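Enquirer: The following file, data23.cif, comprises mmCIF, C-alpha atoms; chains and numbers go by the auth columns:
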data_my_file
loop_
_atom_site.group_PDB
_atom_site.id
_atom_site.type_symbol
_atom_site.label_atom_id
_atom_site.label_comp_id
_atom_site.label_asym_id
_atom_site.label_seq_id
_atom_site.Cartn_x
_atom_site.Cartn_y
_atom_site.Cartn_z
_atom_site.B_iso_or_equiv
_atom_site.auth_seq_id
_atom_site.auth_asym_id
ATOM 1 C CA MET A 1 -93.704 -85.094 236.873 0.00 9 A
ATOM 2 C CA GLU A 2 -95.606 -86.188 239.976 0.00 10 A
ATOM 3 C CA LEU A 3 -97.761 -83.064 239.734 0.00 11 A
ATOM 4 C CA HIS A 4 -98.674 -83.917 236.133 0.00 12 A
ATOM 5 C CA ALA A 5 -99.773 -87.470 237.030 0.00 13 A
ATOM 6 C CA ARG A 6 -101.787 -86.167 239.957 0.00 14 A
ATOM 7 C CA THR A 7 -103.489 -83.557 237.755 0.00 15 A
ATOM 8 C CA VAL A 8 -104.368 -86.195 235.175 0.00 16 A
ATOM 9 C CA ALA A 9 -105.825 -88.443 237.902 0.00 17 A
ATOM 10 C CA ILE A 10 -107.942 -85.594 239.279 0.00 18 A
ATOM 11 C CA ILE A 11 -109.221 -84.639 235.840 0.00 19 A
ATOM 12 C CA ALA A 12 -110.038 -88.275 235.043 0.00 20 A
ATOM 13 C CA GLY A 13 -111.901 -88.619 238.336 0.00 21 A
ATOM 14 C CA LEU A 14 -113.896 -85.476 237.681 0.00 22 A
ATOM 15 C CA ALA A 15 -114.732 -86.651 234.170 0.00 23 A
ATOM 16 C CA VAL A 16 -116.137 -89.944 235.489 0.00 24 A
ATOM 17 C CA LEU A 17 -118.140 -88.341 238.303 0.00 25 A
ATOM 18 C CA PRO A 18 -121.107 -87.230 236.117 0.00 26 A
ATOM 19 C CA LEU A 19 -121.403 -90.754 234.733 0.00 27 A
ATOM 20 C CA ALA A 20 -121.839 -92.122 238.242 0.00 28 A
ATOM 21 C CA ALA A 21 -124.790 -89.785 238.772 0.00 29 A
ATOM 22 C CA CYS A 22 -126.620 -91.281 235.779 0.00 30 A
ATOM 23 C CA GLY A 23 -127.672 -94.528 237.398 0.00 31 A
ATOM 24 C CA PRO A 24 -130.461 -96.730 236.042 0.00 32 A
ATOM 25 C CA GLY A 25 -132.863 -95.543 238.758 0.00 33 A
ATOM 26 C CA ASP A 26 -132.722 -91.952 237.514 0.00 34 A
ATOM 27 C CA SER A 27 -134.496 -92.556 234.218 0.00 35 A
ATOM 28 C CA PRO A 28 -138.262 -92.119 233.953 0.00 36 A
ATOM 29 C CA PRO A 29 -140.336 -95.278 233.586 0.00 37 A
ATOM 30 C CA ALA A 30 -140.587 -96.517 230.026 0.00 38 A
ATOM 31 C CA GLN A 31 -143.897 -95.949 228.251 0.00 39 A
ATOM 32 C CA THR A 32 -145.391 -98.079 225.568 0.00 40 A
ATOM 33 C CA GLU A 33 -145.591 -96.569 222.111 0.00 41 A
ATOM 34 C CA GLY A 34 -149.379 -96.378 222.381 0.00 42 A
ATOM 35 C CA ALA A 35 -149.245 -94.588 225.736 0.00 43 A
ATOM 36 C CA ARG A 36 -146.774 -92.073 224.341 0.00 44 A
ATOM 37 C CA ASP A 37 -148.894 -91.499 221.228 0.00 45 A
ATOM 38 C CA THR A 38 -152.022 -91.017 223.355 0.00 46 A
ATOM 39 C CA ALA A 39 -150.227 -88.486 225.535 0.00 47 A
ATOM 40 C CA ILE A 40 -149.152 -86.563 222.436 0.00 48 A
ATOM 41 C CA ALA A 41 -152.668 -86.732 220.939 0.00 49 A
ATOM 42 C CA GLU A 42 -154.185 -85.286 224.109 0.00 50 A
ATOM 43 C CA SER A 43 -151.614 -82.509 224.384 0.00 51 A
ATOM 44 C CA GLY A 44 -151.824 -79.070 222.869 0.00 52 A
ATOM 45 C CA LEU A 45 -148.737 -79.626 220.736 0.00 53 A
ATOM 46 C CA PRO A 46 -148.823 -78.735 217.045 0.00 54 A
ATOM 47 C CA GLY A 47 -149.815 -81.841 215.106 0.00 55 A
ATOM 48 C CA ALA A 48 -151.609 -83.427 218.072 0.00 56 A
ATOM 49 C CA ALA A 49 -154.877 -83.471 216.126 0.00 57 A
ATOM 50 C CA GLY A 50 -153.178 -85.469 213.369 0.00 58 A
ATOM 51 C CA VAL A 51 -151.848 -87.967 215.886 0.00 59 A
ATOM 52 C CA LYS A 52 -155.321 -88.275 217.412 0.00 60 A
ATOM 53 C CA LYS A 53 -156.872 -88.935 213.991 0.00 61 A
ATOM 54 C CA ALA A 54 -154.184 -91.509 213.160 0.00 62 A
ATOM 55 C CA LEU A 55 -154.887 -93.316 216.435 0.00 63 A
ATOM 56 C CA ALA A 56 -158.615 -93.363 215.643 0.00 64 A
ATOM 57 C CA VAL A 57 -157.941 -94.821 212.185 0.00 65 A
ATOM 58 C CA SER A 58 -155.613 -97.419 213.683 0.00 66 A
ATOM 59 C CA ASP A 59 -158.187 -98.402 216.304 0.00 67 A
ATOM 60 C CA SER A 60 -160.840 -98.704 213.610 0.00 68 A
ATOM 61 C CA ALA A 61 -158.600 -100.937 211.493 0.00 69 A
ATOM 62 C CA THR A 62 -157.781 -103.102 214.516 0.00 70 A
ATOM 63 C CA ALA A 63 -161.472 -103.525 215.293 0.00 71 A
ATOM 64 C CA ARG A 64 -162.208 -104.411 211.661 0.00 72 A
ATOM 65 C CA ARG A 65 -159.435 -107.047 211.642 0.00 73 A
ATOM 66 C CA ALA A 66 -160.821 -108.523 214.862 0.00 74 A
ATOM 67 C CA ARG A 67 -164.286 -108.809 213.300 0.00 75 A
ATOM 68 C CA GLU A 68 -162.832 -110.429 210.173 0.00 76 A
ATOM 69 C CA ASP A 69 -160.828 -112.883 212.278 0.00 77 A
ATOM 70 C CA SER A 70 -163.900 -113.867 214.273 0.00 78 A
ATOM 71 C CA ILE A 71 -165.833 -114.487 211.041 0.00 79 A
ATOM 72 C CA LEU A 72 -163.007 -116.660 209.690 0.00 80 A
ATOM 73 C CA GLN A 73 -162.828 -118.626 212.922 0.00 81 A
ATOM 74 C CA ALA A 74 -166.609 -119.181 212.859 0.00 82 A
ATOM 75 C CA ASP A 75 -166.329 -120.507 209.280 0.00 83 A
ATOM 76 C CA ASP A 76 -163.614 -122.973 210.340 0.00 84 A
ATOM 77 C CA GLU A 77 -165.834 -124.586 212.967 0.00 85 A
#
Re-express the file's structure as structure tokens.

Expert:
Amino acid sequence: MELHARTVAIIAGLAVLPLAACGPGDSPPAQTEGARDTAIAESGLPGAAGVKKALAVSDSATARRAREDSILQADDE
């Protein structure tokens, strides 16, 4: 019976050991969604050209909204 308890303790200890190796300092730094999308767009992965085009369209829409906002703010003054 003592051998069984000891075996269970050893197995439990070995099962927990890999979890201890996965500390918070081991993960790569988090990237923003835009940084990740840019990295994909600049890669040679299949579909990268589509991601690049989508980013260009998004940037264009953002610039257009900024121009519209500045016009609205000028009208308010």

Enquirer: Which of these residues is nearest to Val59 of chain A, using all atoms listed in the file: A:Ala47, A:Ala38, A:Thr15, A:Ala71?

Expert: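 Closest residue, counting all atoms listed in the file: A:Ala47.
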
Enquirer: If you measure from atom CA of Ala62 of chain A to atom CA of Arg75 of chain A, what distance in Å do you get, rounded to one decimal?

Expert: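 Those two atoms sit 20.0 Å apart.
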
Enquirer: Quote the spacing between atom CA of Gln81 of chain A and atom CA of Ser66 of chain A in Å to one decimal place.

Expert: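 Between atom CA of Gln81 of chain A and atom CA of Ser66 of chain A the gap is 22.4 Å.
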
Enquirer: Name the residues in contact with Ile48 of chain A at a cut-off of 9 Å, using all atoms listed in the file, excluding same-chain residues fewer than 5 positions from it; report them as number ranges by chain.

Expert: A: 43, 53, 55-56, 59-60

Enquirer: Quote the spacing between atom CA of Gly58 of chain A and atom CA of Arg73 of chain A in Å to one decimal place.

Expert: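 Going from atom CA of Gly58 of chain A over to atom CA of Arg73 of chain A, I get 22.5 Å.
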